Amino acid sequence: MPPLLEVDDLHMHFFTRDGIVKAVDGVSFSLEPRETLGVVGESGSGKSVTALSIMRLIPEPPGKVVKGDIRFRGDSILAMGEKEQRKLRGNRIAMIFQDPMTSLNPVYRIGKQIAEPLRIHKNMSRKDSWDAAVELLKQVGIPQAADRARSYPHEFSGGMRQRAMIAIALACGPDVLIADEPTTALDVTIQAQILELIQEIQARTESAIIMITHDLGVVADVADHVLVMYAGRAVEFGTADDVFYRPLHPYTWGLLESLPRHDVDEKGQLCPIKGQPPSLINLPQGCAFRPRCAYSQGVCTMERSGLVEITPGHFSACQFSGDSGFVEKACGFLSRER
Amino acid sequence: MLTYIGRRILQMIPVFIGVTILLFILRAPGVLPGDPIKLITGERAISPALYNQIVKENALDKPLWYQYGRWMDHLFHGDLGESYQLKRPVADILIEKFPNTLKLALVAILIECFMGMAAGILSAVKRYSFWDVLVTLSTSILVSLPVFWLGMILQVIFGIKFKEWGLPYLPISGMTSADFPGWVHYVLPAVTLASISTAYAARITRSQLLEVMGQDYMRTASAKGLTGGQVIWRHGLKNALIPVVTYLGLDLGAMVGGTILTETVFNWPGIGFQIYRAILSRDWPIVLGAVVIIVILVMIINLLVDISYAFLDPRIRYGRVAK
Amino acid sequence: MKLRKHAWIGLVLGIILVGALVALAGCGGGTATTTSSSTPAGEQPVKGGTLNVYINEPVSIDPVDLEESEGTQVGQALFDSLTTFDYLTMKVGPAAAASWDVNADASVFTFHLVPGAKFHDGTPVTAGDFVYAWNRLCDPANKSNVSYHLAPVKGFDEVQAGTVKELSGVKAIDDNTLEVTLSYSFADFIYVVAHPTLAPVPKAAVEKDPAAFSAAPVGNGPFMMDGTWQHDQSIQLKAFADYYGKKPNIDGIAFKIFKDPETAFLEFKAGNLDWTMIPTGQIKATQDQYGTSDDGYTGNPGKQVQLGSELSIYYLVVNTKDDIFKNPDLRQAVSLAINRQAIADTVYEGTRAPATSIIPPGIVGYEDGAFPYSKYDVEAAKAALTKAGYPNGQGLPELTLSCNSGGGHEDVMALVQADLKAIGINVKTDFTEWAAYLKKLDDGTFQFGRLGWVADYPIIDNFVYPLFKSGSADNKSKYENPAVDSALEAARKTLDESERIKAYQAIVKTVGQDTPVIPIVAYKHHHVTSARVFNLILSPNYLLDFQDCWIKG
Amino acid sequence: MAPDFFEDPRRRDIGQAAEEQTFGGSEALAETVVAGRGRTLRTDAWRRLRKNRLALAGLVWICFMIILAASADLWVPHFFGAPTAIDTSKVAQQSLLSPSADHPFGTDKLGRDILSRTIYGARVSLIVGVVAVAIMVVIGLILGAVAAYYGGWWDSIVMRTADVFFAFPYILFSIVLIALLGFGLQTVFIAIGVIGWPSIARVFRSSILSVKNNEYVDAARAMGASTPRILFRHIMPNAVAPIIVYGTMSIGGAILTEAALSFLGVGVQPPAPTWGNMLSEARSSLFTAPWLMLYPGLAILTTVLAFVLLGDGLRDALDVKLKE
């Protein structure tokens with residue numbers, strides 16, 4: 001049986017006045033029911049574009065899938081007609097967006113917005129869909145849901161709006177739930193609640209989840225597998241434990257180092273990754289991370305490595321990831337402490 | 001909401017008083033050249049009896065402040081005085097002329113509403129396409145056209161040339177004629193009057209829609225599985241059209257007093273031309289009465305536009321916004 | 001803005017559209033087509049049809065205030081006055097009065113009314129209705145602009161001052177006899193009473209609702225109101241079945257109200273008007289297309305353009321109290337320098353005639369060339385300028401020619417300016433709005449400017465008395481000549497018609513020597529009738545004869 | 001949507017409401033890609049303006065008209081005759097000639113060359129446009145600055161006065177002002193300028209308000225900078241872009257207003273050649289001499305269009321969103 005969702009060597013490029021932006025340049029992964037995949041990377045690494053490509057929400061032009069495929073239960077989404085795509089969207093595959101403050105339409109009541117996918121996909125009546133919306137609001141933990149459904153978005157706090165967004169995504173009981181930085185715009189205390197809610201929902205509904213974040217800490221708690229992206233490419237893929245405790249790629253090391261660590265003493269330094277992500281139009285020759293990498297060597301400027309399976313199920317795109325000595329030496333401190 | 005409306009009405013009072021005082025200052029003898037009453041008989045000298053009669057009836061021999069008070073007092077009793085030139089009650093003249101201007105303005109607003117919005121939506125949805133360029137260019141041309149020139153060209157083409165060529169043609173002036181049903185007379189003047197505003201409405205619709213189309217909630221709507229049309233129709237338009245509605249409201253207000261050119265070209269028996277004539281002949285009772293009515297109408301329209309905001313955009317709660 | 005390649009097609013299309021528009025407007029020259037003319041000779045009057053007539057919005061259509069041409073046009077269809085002036089014979093004839101007697105010194109007039117005449121509401125027309133109408137006209141409370149018509153009548157000043165309500169000089173001897181006593185001899189008074197503003201009104205109808213009466217007057221004329229006056233839109237009239245005189249052929253008249261002749265002319269071209277004014281600039285083309293009336297007054301199919309003389313004169317008024325213009329030689333120089341023919345031909349396309357006197361043709365006693373300096377003679381002008389002390393304009397400061405704007409006078413002023421420059425007089429124009437301009441004329445704070453004068457009656461007195469009598473409010477030149485003043489009083493008292501006319505002609509010549517005004521052009525009609533209208537006469541005093549026309553087709 | 005906007009929508013007049021809408025929009029994706037190459041605002045704006053072909057066409061047309069108008073005395077009378085020259089002895093032969101080699105645009109009723117008059121008309125239109133807008137901007141800047149900087153009563157008085165101005169029908173108000181001041185070129189631009197200031201004042205006021213409470217202004221104030229100094233050193237540079245854009249568009253509007261006033265007979269008085277006067281004269285010869293109407297109308301259209309396109313281009317180039 002084919003996997004629930006399969007992204008196969010996806011190349012999503014943007015054709016602009018200034019050149020071709022290779023926003024996603026060869027990403028593959030697959031997802032099984034109930035599985036949670038964490039996708040991690042800095043801004044501009046292509047993780048959101050990957051998610052939007054799955055939803056087919058990238059406007060074409062300027063975007064274009066130049067290579068690769070996305071398959072849902074074995075059927076190519078790219079090959080589908082617009083009509084079939086819509087049948088998936090919001091129904092079988094749903095998405096939660098980053099900024100709940102702006103992602104809800106300010107002129108419609110919350111209840112109506114939650115009911116909308118039900119009315120499209122399930123052909124429910126106005127009344128039934130409204131009742132279902134109230135029920136969904138309850139499920140995502142909004143008190144007095146019947147009243148609150150009548151509210152407008154501006155009457156909700158940020159956390160409540162994100163719950164409402166989740167309710168919209170959940171409305172049709174999707175097989176795949178894509179959460180694009182669902183907690184970034186929220187207060188820290190609310191972040192935890194929302195993550196908990198997502199996990200709770202997963203437990204209840206058996207959806208698969210793609211959790212997109214720049215915060216490795218978030219995926220550590222919830223993900224089964226983790227995909228680390230840099231400059232439009234996957235640089236590391238493995239189980240959450242593998243990536244978290246035995247990271248292979250210097251970029252992953254950088255991400256981990258930049259995490260605030262609560263388990264060590266307060267004075268532990270935050271080490272942000274130096275430099276800026278590269279322009280996606282003019283990628284440096286060889287390894288894209290090379291200019292920022294503390295361990296780069298001559299060979300890195302010459303060629304770039306694809307994902308290589310280092311240990312079973314654990315892939316990395318660094319020339320030296322196969323060299324366990326290098327890995328030990330470079331990031332031993334990380335794995336020991338965890 | 002009620003306090004807001006109350007506050008807005010209170011704010012109107014100084015504007016109203018300002019406008020009327022300004023008019024009375026202009027009306028004071030010696031400010032504008034020419035004796036209004038001597039103008040009544042044109043090139044022929046006025047008889048002293050007629051002169052004195054009109055001075056007496058209008059209390060023009062009294063101090064200006066007294067005249068102002070008297071005029072205000074009459075206004076509150078619904079009396080706008082009598083025209084010097086036409087020797088008819090100003091109220092009668094206004095009751096005759098205002099509806100004609102308002103009707104024309106409403107038809108023009110309807111044209112703006114449909115044509116402007118349709119063009120704006122078309123060009124926003126098909127951005128950078130042929131249609132977008134066409135709309136952009138034609139709106140730029142429309143806002144650059146002198147209205148009276150456009151009116152003259154329309155008259156020649158649709159009224160005269162079409163008839164010469166044996167095509168269905170349109171009446172070119174007035175509100176009524178034996179050969180056409182009444183509504184046909186609205187076509188050319190309303191199109192002329194609407195021309196510039198339609199272009200603006202199209203531009204505003206386009207830019208608002210483009211802005212809205214970049215909003216996150218539009219992406220949310222797409223993610224729900226709505227078609228492109230549904231996304232724009234259900235989620236985009238309501239947001240994008242709020243400023244358009246404001247514009248149309250303000251424009252209606254502007255049209256109430258600003259249709260002189262169209263009325264002149266199309267011989268429309270409206271208020272704009274009446275005031276224009278009254279200013280030139282210093283027929284102050286008409287100028288005062290008409291301008292006051294226009295100002296009140298404009299203020300009411302603006303208030304209605306504000307209130308309609310509250311219904312269109314739930315984020316606005318006037319009570320809260322008040323600082 | 002970023003454009004996709006094929007989007008430039010849009011741009012090109014737009015340009016083509018503009019081009020098409022240009023081409024379309026460019027070919028609008030109007031191909032002259034001669035209308036097939038049916039000769040009216042064999043035509044017999046046909047009954048029926050409604051005549052569509054262009055007018056401006058009148059000020060009033062009630063006889064209490066028939067001042068300007070538009071209201072008078074409507075008023076004369078609704079009302080008959082005591083007498084009427086026949087322009088074909090140049091004689092005063094009977095109207096509401098079948099006959100009249102004048103006493104020996106022309107100060108008492110007794111009018112015998114047509115018996116059995118009725119108002120439109122069926123009430124009989126009596127002498128009392130004239131008394132009422134005239135008192136109404138003079139009562140200051142009615143604010144008539146034209147009460148001056150009755151200024152010769154005894155008791156006028158008292159009524160105007162408000163001390164009494166009734167003219168002592170007007171009496172109804174019986175229902176059909178009206179006696180009018182003047183405060184001075186004025187033989188021309190029978191011309192005065194032809195004016196429609198002196199028509200009778202039914203007291204009962206007026207006093208029931210004065211406002212309603214003004215909107216739909218009840219008259220004694222050949223036509224009656226059909227509905228009320230639709231302001232700025234139309235006034236509809238229908239034939240009055242019980243009219244005492246000759247009944248009209250047409251069933252009714254629709255006066256259609258337009259703001260300006262340009263729009264009306266477009267309507268005429270579209271076939272919706274039977275009579276309209278031709279905007280200057282289109283007269284030649286209109287003549288080519290519709291043919292020209294033989295006598296200038298009568299419109300018939302194929303001979304539709306009416307270009308006859310009017311009783312109006314267009315002149316420059318010179319401030320005789322001005323430091324520079326008090327010099328009559330300078331005034332004569334200016335008058336001689338102006339190429340009136342060029343003005344008549346280009347600005348008015350030949351629809352106005354160069355004026356040779358302040359009195360226009362069409363006035364009883366008109367003489368061509370009565371103003372000796374009212375002609376174009378550059379050499380004489382230069383000589384007069386030298387005589388005035390400014391050879392070739394040397395030493396003459398720049399003169400200011402004042403004018404009101406918006407009345408189409410700009411072109412005339414431009415030509416006058418060019419003419420005067422040619423003999424060395426530098427002139428700058430000073431345009432102001434009408435209100436400010438009139439104030440200048442009244443205050444005497446001008447050097448020279450333009451004015452027009454329209455006769456109420458076809459008599460010389462109607463020009464020379466108001467314009468040149470010392471102290472007259474209409475004497476904007478501030479002209480003072482005791483000889484003229486006394487000659488005027490004498491002329492008014494002269495009983496014999498031919499003697500009187502001679503006296504007036506002498507006055508005109510005296511004034512012409514002094515040149516306090518510089519006649520420019522005499523007005524001519526520039527009107528056109530539609531191809532379906534026969535025998536529609538526009539008289540010199542701008543009254544349409546609705547009784548003799550008919551409509552066919 | 002800032003609350004101030006809703007508090008009193010009358011603070012925005014029609015033209016402003018319409019013009020403040022961005023037409024080019026931001027091209028978010030492309031912008032992020034090319035962002036971060038160090039350039040000054042001015043060169044950046046110029047680069048963007050140069051890419052806007054329509055705006056460039058507008059600029060070229062305006063320059064062309066300015067050159068034509070400025071150099072007219074040097075060559076126009078020589079080839080086509082002076083715009084007001086009349087030879088009364090030949091006027092009948094010269095009247096209303098259709099376009100020919102001698103008179104490419106034909107002649108008017110008094111035999112004056114239309115091409116010559118159209119070129120000279122550009123002088124009046126451009127001068128009226130520029131001077132009226134200059135007056136408008138000066139009054140608007142001063143009152144807008146006073147309203148925004150001092151706030152409180154000053155703000156109320158200025159803004160209420162602006163309301164009074166807006167409540168009055170625009171064209172009627174100009175006619176009244178012209179009646180007050182008498183006819184003439186000066187009167188026309190004073191009338192247009194005096195009536196137009198409230199829009200500028202509002203734009204400027206809101207620009208000031210948006211930067212007034214910025215930290216760098218506070219810092220300057222803390223360092224003891226005087227009020228005018230703060231206004232000119234810190235606030236003006238930020239407010240200048242919207243004023244440039246609004247001013248450019250207003251020039252087109254002023255040209256149209258002048259034409260309308262002249263058309264109604266209360267503008268610049270004849271025989272001065274202005275496009276509005278020419279159209280007014282042309283109206284009586286609509287059928288016999290349509291070229292009289294055609295060329296002045298096209299001149300107005302193209303010139304105003306040029307200012308509109310340039311204004312649009314400037315707005316996009318300077319990235320002005322007047323709605324703040």
# chains A, B, ... in the order shown; residues from 1 in each chain; ligands from 1
>>> select_by_dssp(residues="region 51-175 of chain C", states="helix (DSSP H, G or I)", output="ChimeraX atom specification")
/C:63-65,69-78,127-138,140-142,147-150,156-161
>>> residues_around(residues="Asp113 (chain D)", least_positions_apart="4", cutoff="8 Å", atoms="only C-alpha atoms", output="PDB file with all heavy atoms, in the first residue's frame")
ATOM      1  N   PHE D  80       3.523  80.256 -37.259  1.00  0.00           N
ATOM      2  CA  PHE D  80       2.058  80.132 -37.257  1.00  0.00           C
ATOM      3  C   PHE D  80       1.352  81.422 -36.878  1.00  0.00           C
ATOM      4  O   PHE D  80       0.141  81.482 -36.869  1.00  0.00           O
ATOM      5  CB  PHE D  80       1.624  79.033 -36.289  1.00  0.00           C
ATOM      6  CG  PHE D  80       2.347  77.743 -36.510  1.00  0.00           C
ATOM      7  CD1 PHE D  80       3.250  77.262 -35.565  1.00  0.00           C
ATOM      8  CD2 PHE D  80       2.150  77.010 -37.669  1.00  0.00           C
ATOM      9  CE1 PHE D  80       3.920  76.083 -35.776  1.00  0.00           C
ATOM     10  CE2 PHE D  80       2.825  75.834 -37.884  1.00  0.00           C
ATOM     11  CZ  PHE D  80       3.719  75.365 -36.931  1.00  0.00           C
ATOM     12  N   GLY D  81       2.092  82.447 -36.531  1.00  0.00           N
ATOM     13  CA  GLY D  81       1.456  83.685 -36.123  1.00  0.00           C
ATOM     14  C   GLY D  81       1.265  83.733 -34.614  1.00  0.00           C
ATOM     15  O   GLY D  81       1.157  82.700 -33.958  1.00  0.00           O
ATOM     16  N   ALA D  82       1.220  84.963 -34.094  1.00  0.00           N
ATOM     17  CA  ALA D  82       1.033  85.124 -32.658  1.00  0.00           C
ATOM     18  C   ALA D  82      -0.365  84.656 -32.273  1.00  0.00           C
ATOM     19  O   ALA D  82      -1.285  84.737 -33.086  1.00  0.00           O
ATOM     20  CB  ALA D  82       1.243  86.581 -32.260  1.00  0.00           C
ATOM     21  N   PRO D  83      -0.499  84.168 -31.040  1.00  0.00           N
ATOM     22  CA  PRO D  83      -1.784  83.561 -30.658  1.00  0.00           C
ATOM     23  C   PRO D  83      -2.916  84.563 -30.572  1.00  0.00           C
ATOM     24  O   PRO D  83      -4.083  84.184 -30.623  1.00  0.00           O
ATOM     25  CB  PRO D  83      -1.484  82.970 -29.285  1.00  0.00           C
ATOM     26  CG  PRO D  83      -0.332  83.760 -28.768  1.00  0.00           C
ATOM     27  CD  PRO D  83       0.490  84.128 -29.964  1.00  0.00           C
ATOM     28  N   HIS D 103      -1.780  76.282 -41.546  1.00  0.00           N
ATOM     29  CA  HIS D 103      -2.341  76.220 -40.204  1.00  0.00           C
ATOM     30  C   HIS D 103      -2.635  74.758 -39.886  1.00  0.00           C
ATOM     31  O   HIS D 103      -3.738  74.277 -40.147  1.00  0.00           O
ATOM     32  CB  HIS D 103      -3.633  77.046 -40.116  1.00  0.00           C
ATOM     33  CG  HIS D 103      -3.445  78.488 -40.453  1.00  0.00           C
ATOM     34  ND1 HIS D 103      -2.826  79.375 -39.598  1.00  0.00           N
ATOM     35  CD2 HIS D 103      -3.777  79.205 -41.552  1.00  0.00           C
ATOM     36  CE1 HIS D 103      -2.789  80.574 -40.160  1.00  0.00           C
ATOM     37  NE2 HIS D 103      -3.362  80.491 -41.350  1.00  0.00           N
ATOM     38  N   PHE D 105      -3.408  73.067 -37.423  1.00  0.00           N
ATOM     39  CA  PHE D 105      -4.593  72.751 -36.608  1.00  0.00           C
ATOM     40  C   PHE D 105      -5.788  73.599 -37.040  1.00  0.00           C
ATOM     41  O   PHE D 105      -6.814  73.604 -36.396  1.00  0.00           O
ATOM     42  CB  PHE D 105      -4.319  73.019 -35.116  1.00  0.00           C
ATOM     43  CG  PHE D 105      -3.427  72.007 -34.450  1.00  0.00           C
ATOM     44  CD1 PHE D 105      -2.785  71.008 -35.167  1.00  0.00           C
ATOM     45  CD2 PHE D 105      -3.239  72.042 -33.065  1.00  0.00           C
ATOM     46  CE1 PHE D 105      -1.968  70.082 -34.544  1.00  0.00           C
ATOM     47  CE2 PHE D 105      -2.422  71.111 -32.437  1.00  0.00           C
ATOM     48  CZ  PHE D 105      -1.777  70.134 -33.184  1.00  0.00           C
ATOM     49  N   GLY D 106      -5.646  74.380 -38.102  1.00  0.00           N
ATOM     50  CA  GLY D 106      -6.736  75.238 -38.532  1.00  0.00           C
ATOM     51  C   GLY D 106      -6.720  76.580 -37.816  1.00  0.00           C
ATOM     52  O   GLY D 106      -5.793  76.886 -37.069  1.00  0.00           O
ATOM     53  N   THR D 107      -7.777  77.365 -38.063  1.00  0.00           N
ATOM     54  CA  THR D 107      -7.870  78.670 -37.398  1.00  0.00           C
ATOM     55  C   THR D 107      -9.223  78.803 -36.725  1.00  0.00           C
ATOM     56  O   THR D 107     -10.162  78.096 -37.053  1.00  0.00           O
ATOM     57  CB  THR D 107      -7.743  79.837 -38.402  1.00  0.00           C
ATOM     58  OG1 THR D 107      -8.835  79.752 -39.321  1.00  0.00           O
ATOM     59  CG2 THR D 107      -6.437  79.792 -39.153  1.00  0.00           C
ATOM     60  N   ASP D 108      -9.281  79.738 -35.762  1.00  0.00           N
ATOM     61  CA  ASP D 108     -10.553  79.970 -35.086  1.00  0.00           C
ATOM     62  C   ASP D 108     -11.316  81.085 -35.787  1.00  0.00           C
ATOM     63  O   ASP D 108     -10.938  81.530 -36.861  1.00  0.00           O
ATOM     64  CB  ASP D 108     -10.353  80.226 -33.596  1.00  0.00           C
ATOM     65  CG  ASP D 108      -9.733  81.589 -33.320  1.00  0.00           C
ATOM     66  OD1 ASP D 108      -9.488  82.340 -34.274  1.00  0.00           O
ATOM     67  OD2 ASP D 108      -9.492  81.875 -32.135  1.00  0.00           O
ATOM     68  N   ARG D 117      -2.232  78.899 -30.664  1.00  0.00           N
ATOM     69  CA  ARG D 117      -2.995  79.109 -29.431  1.00  0.00           C
ATOM     70  C   ARG D 117      -2.886  77.907 -28.499  1.00  0.00           C
ATOM     71  O   ARG D 117      -2.837  78.055 -27.285  1.00  0.00           O
ATOM     72  CB  ARG D 117      -4.461  79.407 -29.750  1.00  0.00           C
ATOM     73  CG  ARG D 117      -4.678  80.816 -30.270  1.00  0.00           C
ATOM     74  CD  ARG D 117      -6.102  81.104 -30.668  1.00  0.00           C
ATOM     75  NE  ARG D 117      -7.033  81.275 -29.559  1.00  0.00           N
ATOM     76  CZ  ARG D 117      -7.061  82.351 -28.776  1.00  0.00           C
ATOM     77  NH1 ARG D 117      -6.211  83.320 -28.949  1.00  0.00           N
ATOM     78  NH2 ARG D 117      -7.948  82.441 -27.799  1.00  0.00           N
TER      79      ARG D 117
END
>>> interface_residues(of="chain A", to="chain B", cutoff="6 Å", atoms="only C-alpha atoms", output="compact mmCIF listing (two decimals) with N, CA and C atoms, in the first residue's frame")
# COMPACT_ATOMS: atom_id res chain seq x y z
N ARG A 86 -9.07 20.43 -5.17
CA ARG A 86 -9.90 21.13 -4.18
C ARG A 86 -10.57 20.15 -3.24
N ARG A 89 -8.04 19.50 -0.63
CA ARG A 89 -7.65 20.67 0.14
C ARG A 89 -8.71 21.02 1.17
N GLY A 90 -8.29 21.12 2.41
CA GLY A 90 -9.23 21.48 3.46
C GLY A 90 -10.08 20.31 3.89
N THR A 102 -3.83 37.25 11.48
CA THR A 102 -4.21 37.71 10.15
C THR A 102 -4.83 36.62 9.29
N SER A 103 -4.85 35.39 9.79
CA SER A 103 -5.30 34.30 8.93
C SER A 103 -6.80 34.07 8.99
N LEU A 104 -7.47 34.78 9.87
CA LEU A 104 -8.93 34.68 9.91
C LEU A 104 -9.51 35.92 9.24
N ASN A 105 -10.59 35.70 8.50
CA ASN A 105 -11.21 36.83 7.81
C ASN A 105 -11.93 37.72 8.82
N VAL A 107 -14.14 39.95 8.68
CA VAL A 107 -15.52 40.39 8.55
C VAL A 107 -16.55 39.27 8.73
N PRO A 117 -15.66 24.99 5.50
CA PRO A 117 -15.19 23.76 4.83
C PRO A 117 -16.24 22.65 4.88
>>> residues_around(residues="Met211 (chain A)", least_positions_apart="4", cutoff="8 Å", atoms="only C-alpha atoms", output="mmCIF file with C-alpha atoms, in the first residue's frame")
data_model
loop_
_atom_site.group_PDB
_atom_site.id
_atom_site.type_symbol
_atom_site.label_atom_id
_atom_site.label_comp_id
_atom_site.auth_asym_id
_atom_site.auth_seq_id
_atom_site.Cartn_x
_atom_site.Cartn_y
_atom_site.Cartn_z
ATOM 1 C CA THR A 36 4.279 13.288 12.900
ATOM 2 C CA LEU A 37 6.981 14.776 10.717
ATOM 3 C CA GLY A 38 8.861 17.804 11.925
ATOM 4 C CA VAL A 39 10.297 20.072 9.256
ATOM 5 C CA ILE A 178 0.065 20.631 8.040
ATOM 6 C CA ALA A 179 0.936 23.032 10.829
ATOM 7 C CA ASP A 180 3.112 25.857 9.563
ATOM 8 C CA GLU A 181 4.796 27.386 12.591
ATOM 9 C CA VAL A 219 9.654 19.075 17.143
ATOM 10 C CA ALA A 223 7.726 14.583 16.030
#
>>> atom_distance(atom1="CA of Lys38 (chain B)", atom2="CA of Tyr437 (chain C)")
11.6 Å
>>> residues_around(residues="region 179-194 of chain B", least_positions_apart="4", cutoff="8 Å", atoms="only C-alpha atoms", output="PyMOL selection string")
(chain B and resi 104-105+107-109+111-112+147+150-151+154-155+170-175+198+259+262-263+266) or (chain C and resi 272)
>>> closest_atom_pairs(of="chain A", to="chain D", cutoff="8 Å", atoms="only C-alpha atoms", output="JSON lines")
{"residue": "A:Thr16", "atom": "CA", "partner": "D:Ala30", "partner_atom": "CA", "distance": 6.4}
{"residue": "A:Arg17", "atom": "CA", "partner": "D:Ala30", "partner_atom": "CA", "distance": 7.3}
{"residue": "A:Asp18", "atom": "CA", "partner": "D:Ala30", "partner_atom": "CA", "distance": 7.3}
{"residue": "A:Ser279", "atom": "CA", "partner": "D:Val33", "partner_atom": "CA", "distance": 7.2}
{"residue": "A:Leu280", "atom": "CA", "partner": "D:Val33", "partner_atom": "CA", "distance": 7.9}
{"residue": "A:Ile281", "atom": "CA", "partner": "D:Val33", "partner_atom": "CA", "distance": 8.0}
>>> atom_distance(atom1="CA of Arg7 (chain B)", atom2="CA of Ala91 (chain B)")
29.2 Å
>>> closest_residue(among="C:Val114, C:Val193, C:Ala212, C:Ala270", to="chain B", atoms="only C-alpha atoms")
C:Ala270
>>> interface_residues(of="chain B", to="chain D", cutoff="7 Å", atoms="only C-alpha atoms", output="list in words")
Val15, Gly18, Val19, Val31, Leu32, Ser140, Ile141, Ser144, Leu145, Pro146, Trp149, Tyr200, Arg203, Ile204, Ser207, Tyr247, Leu250, Asp251, Ala254, Gly257, Gly258, Tyr276, Ile279, Val295, Val298, Asn302 and Val321 of chain B
>>> write_last_selection(atoms="C-alpha atoms", output="short mmCIF file (atom, residue, chain, number, x, y, z; two decimals), in the first residue's frame")
data_model
loop_
_atom_site.label_atom_id
_atom_site.label_comp_id
_atom_site.auth_asym_id
_atom_site.auth_seq_id
_atom_site.Cartn_x
_atom_site.Cartn_y
_atom_site.Cartn_z
CA VAL B 15 -19.03 73.30 10.32
CA GLY B 18 -18.75 78.17 9.72
CA VAL B 19 -20.21 77.71 6.26
CA VAL B 31 -17.19 92.29 -0.33
CA LEU B 32 -18.21 91.05 -3.75
CA SER B 140 -5.97 56.99 -16.31
CA ILE B 141 -7.45 58.50 -19.45
CA SER B 144 -7.60 63.07 -17.21
CA LEU B 145 -10.60 63.93 -19.39
CA PRO B 146 -12.28 67.28 -18.98
CA TRP B 149 -15.28 67.79 -23.34
CA TYR B 200 -11.47 56.15 -9.36
CA ARG B 203 -8.68 52.03 -9.21
CA ILE B 204 -9.67 51.77 -5.59
CA SER B 207 -5.76 48.26 -5.33
CA TYR B 247 -15.58 56.48 -1.76
CA LEU B 250 -18.31 60.67 -0.43
CA ASP B 251 -18.69 60.92 -4.16
CA ALA B 254 -19.62 65.68 -3.94
CA GLY B 257 -23.16 70.20 -5.48
CA GLY B 258 -20.59 69.50 -8.12
CA TYR B 276 -23.77 78.93 -10.51
CA ILE B 279 -23.59 83.37 -7.73
CA VAL B 295 -23.82 71.09 3.21
CA VAL B 298 -23.22 66.09 2.45
CA ASN B 302 -20.92 61.26 5.35
CA VAL B 321 -12.40 54.02 19.06
#
>>> closest_residue(among="C:Ser472, C:Thr292, C:Ser477, C:Asn462", to="chain B", atoms="only C-alpha atoms")
C:Ser472
